[in-house]
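Undergrad: File input_6.pdb below, PDB, C-alpha atoms, pLDDT in the B column:
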ATOM      1  CA  MET B   1      36.149  19.471  -6.100  1.00 56.00           C
ATOM      2  CA  SER B   2      34.794  16.022  -5.396  1.00 71.00           C
ATOM      3  CA  ARG B   3      37.034  13.251  -6.717  1.00 87.00           C
ATOM      4  CA  ILE B   4      34.163  10.800  -7.005  1.00 88.00           C
ATOM      5  CA  GLY B   5      31.840  13.426  -8.485  1.00 86.00           C
ATOM      6  CA  LYS B   6      34.341  14.262 -11.243  1.00 88.00           C
ATOM      7  CA  LYS B   7      34.564  10.667 -12.496  1.00 91.00           C
ATOM      8  CA  VAL B   8      32.610   9.914 -15.637  1.00 92.00           C
ATOM      9  CA  ILE B   9      30.064   7.099 -15.797  1.00 92.00           C
ATOM     10  CA  PRO B  10      30.579   4.945 -18.908  1.00 93.00           C
ATOM     11  CA  ILE B  11      27.294   3.985 -20.543  1.00 92.00           C
ATOM     12  CA  PRO B  12      27.535   0.390 -21.862  1.00 91.00           C
ATOM     13  CA  PRO B  13      25.725  -0.556 -25.075  1.00 91.00           C
ATOM     14  CA  GLY B  14      22.114  -1.506 -24.459  1.00 91.00           C
ATOM     15  CA  VAL B  15      21.666   0.957 -21.592  1.00 92.00           C
ATOM     16  CA  THR B  16      19.418   3.983 -21.992  1.00 92.00           C
ATOM     17  CA  TYR B  17      18.646   6.770 -19.560  1.00 91.00           C
ATOM     18  CA  THR B  18      16.187   9.621 -19.342  1.00 92.00           C
ATOM     19  CA  VAL B  19      16.168  12.567 -16.966  1.00 89.00           C
ATOM     20  CA  GLU B  20      12.759  13.739 -15.791  1.00 89.00           C
ATOM     21  CA  GLY B  21      12.936  16.578 -13.281  1.00 85.00           C
ATOM     22  CA  ASN B  22      15.053  15.377 -10.376  1.00 88.00           C
ATOM     23  CA  THR B  23      14.748  11.680 -11.316  1.00 92.00           C
ATOM     24  CA  ILE B  24      16.986   9.722 -13.663  1.00 93.00           C
ATOM     25  CA  LYS B  25      15.561   6.511 -15.140  1.00 94.00           C
ATOM     26  CA  VAL B  26      18.105   3.916 -16.253  1.00 94.00           C
ATOM     27  CA  GLN B  27      17.031   0.943 -18.370  1.00 94.00           C
ATOM     28  CA  GLY B  28      19.214  -1.996 -19.353  1.00 93.00           C
ATOM     29  CA  PRO B  29      19.169  -5.710 -20.138  1.00 94.00           C
ATOM     30  CA  LYS B  30      18.342  -6.732 -16.532  1.00 93.00           C
ATOM     31  CA  GLY B  31      15.584  -4.195 -15.889  1.00 93.00           C
ATOM     32  CA  LYS B  32      15.035  -0.547 -15.074  1.00 94.00           C
ATOM     33  CA  LEU B  33      15.753   1.610 -12.030  1.00 93.00           C
ATOM     34  CA  ASP B  34      14.717   5.089 -10.963  1.00 94.00           C
ATOM     35  CA  THR B  35      17.147   7.226  -8.957  1.00 92.00           C
ATOM     36  CA  VAL B  36      16.190  10.487  -7.290  1.00 93.00           C
ATOM     37  CA  LEU B  37      18.839  13.174  -7.690  1.00 91.00           C
ATOM     38  CA  PRO B  38      19.598  15.859  -5.095  1.00 89.00           C
ATOM     39  CA  LYS B  39      18.730  19.437  -6.049  1.00 89.00           C
ATOM     40  CA  GLY B  40      21.453  21.302  -7.894  1.00 89.00           C
ATOM     41  CA  ILE B  41      23.008  18.226  -9.556  1.00 90.00           C
ATOM     42  CA  ARG B  42      22.449  17.519 -13.237  1.00 89.00           C
ATOM     43  CA  PHE B  43      23.848  14.971 -15.660  1.00 89.00           C
ATOM     44  CA  ASP B  44      25.170  15.701 -19.133  1.00 89.00           C
ATOM     45  CA  GLN B  45      26.413  13.333 -21.819  1.00 89.00           C
ATOM     46  CA  GLN B  46      29.962  13.832 -23.077  1.00 89.00           C
ATOM     47  CA  ASP B  47      31.648  11.376 -25.470  1.00 88.00           C
ATOM     48  CA  GLY B  48      29.189   8.583 -24.632  1.00 85.00           C
ATOM     49  CA  ASN B  49      29.706   9.011 -20.893  1.00 90.00           C
ATOM     50  CA  LEU B  50      27.546  10.583 -18.200  1.00 91.00           C
ATOM     51  CA  VAL B  51      29.060  13.443 -16.204  1.00 92.00           C
ATOM     52  CA  ALA B  52      27.653  14.792 -12.921  1.00 90.00           C
ATOM     53  CA  ILE B  53      27.705  18.586 -12.789  1.00 90.00           C
ATOM     54  CA  ARG B  54      26.806  20.690  -9.775  1.00 89.00           C
ATOM     55  CA  GLU B  55      25.411  24.195 -10.064  1.00 89.00           C
ATOM     56  CA  ASN B  56      27.509  25.729  -7.276  1.00 89.00           C
ATOM     57  CA  ASP B  57      29.676  24.730  -4.326  1.00 87.00           C
ATOM     58  CA  SER B  58      26.741  24.458  -1.910  1.00 87.00           C
ATOM     59  CA  GLN B  59      26.026  21.026  -3.493  1.00 85.00           C
ATOM     60  CA  ALA B  60      29.580  19.788  -2.903  1.00 88.00           C
ATOM     61  CA  ALA B  61      28.413  17.420  -0.164  1.00 89.00           C
ATOM     62  CA  VAL B  62      26.029  15.545  -2.489  1.00 91.00           C
ATOM     63  CA  HIS B  63      28.029  15.730  -5.730  1.00 91.00           C
ATOM     64  CA  GLY B  64      29.824  12.411  -5.213  1.00 91.00           C
ATOM     65  CA  LEU B  65      26.695  10.826  -3.748  1.00 92.00           C
ATOM     66  CA  ALA B  66      24.605  11.607  -6.819  1.00 92.00           C
ATOM     67  CA  ARG B  67      27.282  10.248  -9.142  1.00 92.00           C
ATOM     68  CA  ALA B  68      27.629   7.066  -7.052  1.00 94.00           C
ATOM     69  CA  LEU B  69      23.860   6.460  -7.021  1.00 94.00           C
ATOM     70  CA  VAL B  70      23.586   6.768 -10.797  1.00 94.00           C
ATOM     71  CA  ASN B  71      26.687   4.592 -11.302  1.00 94.00           C
ATOM     72  CA  ASN B  72      25.174   1.910  -9.035  1.00 95.00           C
ATOM     73  CA  ALA B  73      21.975   2.020 -11.092  1.00 94.00           C
ATOM     74  CA  VAL B  74      23.920   1.660 -14.377  1.00 94.00           C
ATOM     75  CA  GLU B  75      25.936  -1.284 -12.994  1.00 94.00           C
ATOM     76  CA  GLY B  76      22.782  -2.859 -11.566  1.00 94.00           C
ATOM     77  CA  VAL B  77      20.909  -2.922 -14.869  1.00 94.00           C
ATOM     78  CA  THR B  78      23.943  -4.354 -16.701  1.00 95.00           C
ATOM     79  CA  LYS B  79      25.648  -6.776 -14.280  1.00 94.00           C
ATOM     80  CA  GLY B  80      23.416  -6.847 -11.192  1.00 94.00           C
ATOM     81  CA  TRP B  81      24.512  -6.944  -7.557  1.00 95.00           C
ATOM     82  CA  THR B  82      25.279  -9.970  -5.399  1.00 96.00           C
ATOM     83  CA  ARG B  83      25.688 -10.369  -1.640  1.00 96.00           C
ATOM     84  CA  GLU B  84      26.607 -13.711  -0.087  1.00 96.00           C
ATOM     85  CA  LEU B  85      25.848 -14.944   3.425  1.00 95.00           C
ATOM     86  CA  GLU B  86      27.001 -18.046   5.248  1.00 95.00           C
ATOM     87  CA  ILE B  87      25.358 -19.749   8.194  1.00 95.00           C
ATOM     88  CA  VAL B  88      27.665 -21.270  10.819  1.00 93.00           C
ATOM     89  CA  GLY B  89      26.432 -23.511  13.619  1.00 92.00           C
ATOM     90  CA  ILE B  90      25.255 -27.065  14.196  1.00 93.00           C
ATOM     91  CA  GLY B  91      21.691 -27.416  12.940  1.00 92.00           C
ATOM     92  CA  TYR B  92      21.638 -23.882  11.533  1.00 94.00           C
ATOM     93  CA  ARG B  93      20.328 -23.790   7.976  1.00 93.00           C
ATOM     94  CA  ALA B  94      18.092 -22.027   5.487  1.00 94.00           C
ATOM     95  CA  GLU B  95      15.707 -23.363   2.894  1.00 93.00           C
ATOM     96  CA  LEU B  96      13.532 -21.868   0.186  1.00 93.00           C
ATOM     97  CA  LYS B  97       9.793 -22.208   0.751  1.00 90.00           C
ATOM     98  CA  GLY B  98       7.743 -21.479  -2.312  1.00 84.00           C
ATOM     99  CA  ASN B  99       9.112 -18.749  -4.492  1.00 81.00           C
ATOM    100  CA  GLY B 100       9.360 -15.791  -2.174  1.00 88.00           C
ATOM    101  CA  THR B 101      10.097 -17.001   1.377  1.00 93.00           C
ATOM    102  CA  VAL B 102      13.290 -18.165   3.050  1.00 94.00           C
ATOM    103  CA  VAL B 103      12.877 -20.308   6.170  1.00 94.00           C
ATOM    104  CA  PHE B 104      15.728 -20.134   8.688  1.00 94.00           C
ATOM    105  CA  SER B 105      16.503 -22.650  11.444  1.00 94.00           C
ATOM    106  CA  LEU B 106      18.893 -20.746  13.694  1.00 93.00           C
ATOM    107  CA  GLY B 107      18.767 -22.516  17.039  1.00 91.00           C
ATOM    108  CA  TYR B 108      15.631 -20.823  18.315  1.00 91.00           C
ATOM    109  CA  SER B 109      12.554 -22.765  19.437  1.00 94.00           C
ATOM    110  CA  HIS B 110      10.865 -21.806  16.173  1.00 94.00           C
ATOM    111  CA  GLN B 111      11.732 -21.354  12.526  1.00 94.00           C
ATOM    112  CA  ILE B 112      11.950 -17.841  11.104  1.00 94.00           C
ATOM    113  CA  GLU B 113      10.215 -17.115   7.806  1.00 95.00           C
ATOM    114  CA  TYR B 114      11.665 -14.202   5.848  1.00 94.00           C
ATOM    115  CA  PRO B 115       9.568 -12.994   2.881  1.00 95.00           C
ATOM    116  CA  LEU B 116      11.721 -11.723   0.027  1.00 94.00           C
ATOM    117  CA  PRO B 117      10.890  -8.311  -1.431  1.00 94.00           C
ATOM    118  CA  THR B 118      10.319  -7.982  -5.163  1.00 93.00           C
ATOM    119  CA  GLY B 119      13.503  -7.552  -7.157  1.00 91.00           C
ATOM    120  CA  VAL B 120      15.674  -9.761  -4.919  1.00 94.00           C
ATOM    121  CA  GLU B 121      16.285 -13.440  -5.668  1.00 94.00           C
ATOM    122  CA  VAL B 122      18.035 -15.927  -3.428  1.00 95.00           C
ATOM    123  CA  THR B 123      19.830 -19.180  -4.190  1.00 94.00           C
ATOM    124  CA  ILE B 124      20.804 -21.629  -1.488  1.00 93.00           C
ATOM    125  CA  ASP B 125      23.558 -24.227  -1.865  1.00 93.00           C
ATOM    126  CA  PRO B 126      22.771 -27.939  -1.345  1.00 93.00           C
ATOM    127  CA  LYS B 127      24.278 -27.915   2.180  1.00 93.00           C
ATOM    128  CA  GLN B 128      21.759 -25.150   3.076  1.00 91.00           C
ATOM    129  CA  THR B 129      24.462 -23.038   4.726  1.00 93.00           C
ATOM    130  CA  LYS B 130      25.279 -20.511   1.993  1.00 95.00           C
ATOM    131  CA  LEU B 131      22.880 -17.959   0.551  1.00 94.00           C
ATOM    132  CA  SER B 132      23.472 -15.807  -2.488  1.00 96.00           C
ATOM    133  CA  LEU B 133      21.255 -12.737  -2.860  1.00 95.00           C
ATOM    134  CA  THR B 134      21.039 -11.115  -6.295  1.00 96.00           C
ATOM    135  CA  GLY B 135      19.177  -8.139  -7.685  1.00 95.00           C
ATOM    136  CA  ILE B 136      19.569  -4.961  -9.711  1.00 94.00           C
ATOM    137  CA  ASP B 137      19.093  -2.491  -6.822  1.00 94.00           C
ATOM    138  CA  ARG B 138      22.243  -2.357  -4.696  1.00 95.00           C
ATOM    139  CA  GLN B 139      20.509  -0.745  -1.731  1.00 95.00           C
ATOM    140  CA  LYS B 140      17.726  -3.334  -1.629  1.00 95.00           C
ATOM    141  CA  VAL B 141      20.129  -6.294  -1.911  1.00 96.00           C
ATOM    142  CA  GLY B 142      22.312  -4.891   0.879  1.00 95.00           C
ATOM    143  CA  GLN B 143      19.310  -4.163   3.108  1.00 96.00           C
ATOM    144  CA  VAL B 144      17.907  -7.690   2.715  1.00 95.00           C
ATOM    145  CA  ALA B 145      21.342  -9.170   3.483  1.00 95.00           C
ATOM    146  CA  ALA B 146      21.643  -6.992   6.596  1.00 96.00           C
ATOM    147  CA  GLU B 147      18.175  -8.001   7.803  1.00 95.00           C
ATOM    148  CA  MET B 148      18.955 -11.700   7.282  1.00 95.00           C
ATOM    149  CA  ARG B 149      22.239 -11.294   9.176  1.00 94.00           C
ATOM    150  CA  SER B 150      20.417  -9.586  12.050  1.00 95.00           C
ATOM    151  CA  LEU B 151      18.225 -12.672  12.576  1.00 94.00           C
ATOM    152  CA  ARG B 152      21.212 -14.308  14.317  1.00 93.00           C
ATOM    153  CA  PRO B 153      24.349 -12.113  14.278  1.00 93.00           C
ATOM    154  CA  PRO B 154      27.660 -13.932  14.812  1.00 92.00           C
ATOM    155  CA  ASP B 155      28.282 -14.773  18.463  1.00 90.00           C
ATOM    156  CA  PRO B 156      31.640 -13.338  19.621  1.00 90.00           C
ATOM    157  CA  TYR B 157      32.388 -16.374  21.813  1.00 90.00           C
ATOM    158  CA  LYS B 158      31.535 -19.299  19.523  1.00 90.00           C
ATOM    159  CA  ASN B 159      31.365 -17.483  16.134  1.00 88.00           C
ATOM    160  CA  LYS B 160      28.003 -19.133  15.391  1.00 92.00           C
ATOM    161  CA  GLY B 161      25.341 -17.275  13.439  1.00 93.00           C
ATOM    162  CA  VAL B 162      24.712 -15.644  10.064  1.00 94.00           C
ATOM    163  CA  ARG B 163      27.605 -13.673   8.561  1.00 93.00           C
ATOM    164  CA  TYR B 164      28.750 -12.203   5.289  1.00 95.00           C
ATOM    165  CA  VAL B 165      31.161 -14.351   3.267  1.00 94.00           C
ATOM    166  CA  GLY B 166      34.669 -13.102   3.994  1.00 90.00           C
ATOM    167  CA  GLU B 167      33.662 -11.235   7.167  1.00 88.00           C
ATOM    168  CA  LYS B 168      36.478 -11.212   9.726  1.00 89.00           C
ATOM    169  CA  LEU B 169      35.343 -11.888  13.276  1.00 88.00           C
ATOM    170  CA  LYS B 170      37.224 -11.395  16.521  1.00 89.00           C
ATOM    171  CA  LYS B 171      36.666 -14.329  18.800  1.00 87.00           C
ATOM    172  CA  LYS B 172      36.523 -13.384  22.473  1.00 88.00           C
ATOM    173  CA  VAL B 173      38.040 -15.493  25.199  1.00 86.00           C
ATOM    174  CA  GLY B 174      35.506 -17.108  27.511  1.00 82.00           C
ATOM    175  CA  LYS B 175      35.681 -17.392  31.288  1.00 82.00           C
ATOM    176  CA  THR B 176      38.956 -18.508  32.801  1.00 77.00           C
ATOM    177  CA  GLY B 177      38.999 -21.135  35.497  1.00 59.00           C
ATOM    178  CA  ALA B 178      39.402 -20.099  39.157  1.00 56.00           C
ATOM    179  CA  LYS B 179      42.858 -20.687  40.546  1.00 59.00           C
TER     180      LYS B 179
END
In structure tokens, what does this structure look like?
TA:
Amino acid sequence: MSRIGKKVIPIPPGVTYTVEGNTIKVQGPKGKLDTVLPKGIRFDQQDGNLVAIRENDSQAAVHGLARALVNNAVEGVTKGWTRELEIVGIGYRAELKGNGTVVFSLGYSHQIEYPLPTGVEVTIDPKQTKLSLTGIDRQKVGQVAAEMRSLRPPDPYKNKGVRYVGEKLKKKVGKTGAK
């Protein structure tokens, strides 16, 4: 039996859900999300909590996945999700242009404009080296953060580039002098 799939999902006050076919719609104070459920997994309410139930053992592989997706949706509409990035390097920075575009200066001959998808907001600190991405959809926030990081991944020799806050990097040793 799946350990993750057996866990119950507490439903906070102010959160409602409806199941329509293989889709569960979760609505809360921050917005609403739709999550597609794998076949053979259903959700029942027991004591104010949601419980993922699988029809038979052939759905064992997706039991925990379905529970995790619905839990992420419930947490997203109540608290929201945040991912933080930091930019390291001389002259490297980001700035907000308009309401939906982030402009990066990352040492290339040109600036990179990144349009933000709907549902993801970004705040940039006054030094223009830290970005905080927020949204209710965990997958979308993580995907946007990964795409921003891929614009200039951290260099293993100088550790310059865009990285997640708290990311541990291994610095490589450069060339050694000839003896």
Undergrad: Which residues are close to B:Lys32, i.e. within 9 Å by all atoms listed in the file, leaving aside same-chain residues fewer than 5 positions away? Reply as a ChimeraX atom specification.
TA: /B:25-27,73,76-77,136
Undergrad: Evaluated on this file, the PyMOL selection byres ((chain B and resi 122) around 10) picks out some residues - which ones are they, written as a list in words?
TA: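 Checking the PyMOL selection byres ((chain B and resi 122) around 10) against this file, the residues are Thr82, Arg83, Glu84, Leu96, Asn99, Gly100, Thr101, Val102, Leu116, Val120, Glu121, Thr123, Ile124, Leu131, Ser132, Leu133, Thr134, Gly135 and Val141 of chain B.
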Undergrad: Looking at B:Val15, B:Val51, B:Ala60, B:Val162, which one is nearest to B:Gly107, with distances taken over only C-alpha atoms?
TA: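 Ranking B:Val15, B:Val51, B:Ala60, B:Val162 by distance to B:Gly107, first place goes to B:Val162.
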Undergrad: Taking all atoms listed in the file into account, name the residue in B:Thr118, B:Ser150, B:Ser2, B:Gln128 that is nearest to B:Val103.
TA: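 Looking at the shortest contact to B:Val103, the residue is B:Gln128.
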Undergrad: Which residue gives the smallest distance to B:Ala66 among B:Gly48, B:Pro13, B:Gly21, B:Gly5, with all atoms listed in the file counted?
TA: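 Checking each candidate against B:Ala66, we get B:Gly5 as the closest.
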Undergrad: For B:Arg149, which of B:Arg42, B:Arg163, B:Arg67, B:Lys172 is the closest residue, counting only C-alpha atoms?
TA: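 Closest to B:Arg149 of all the choices is B:Arg163.
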Undergrad: Please, what distance in Å, to one decimal, runs between atom CA of B:Gly89 and atom CA of B:Pro154?
TA: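 Atom CA of B:Pro154 lies at a distance of 9.7 Å from atom CA of B:Gly89.
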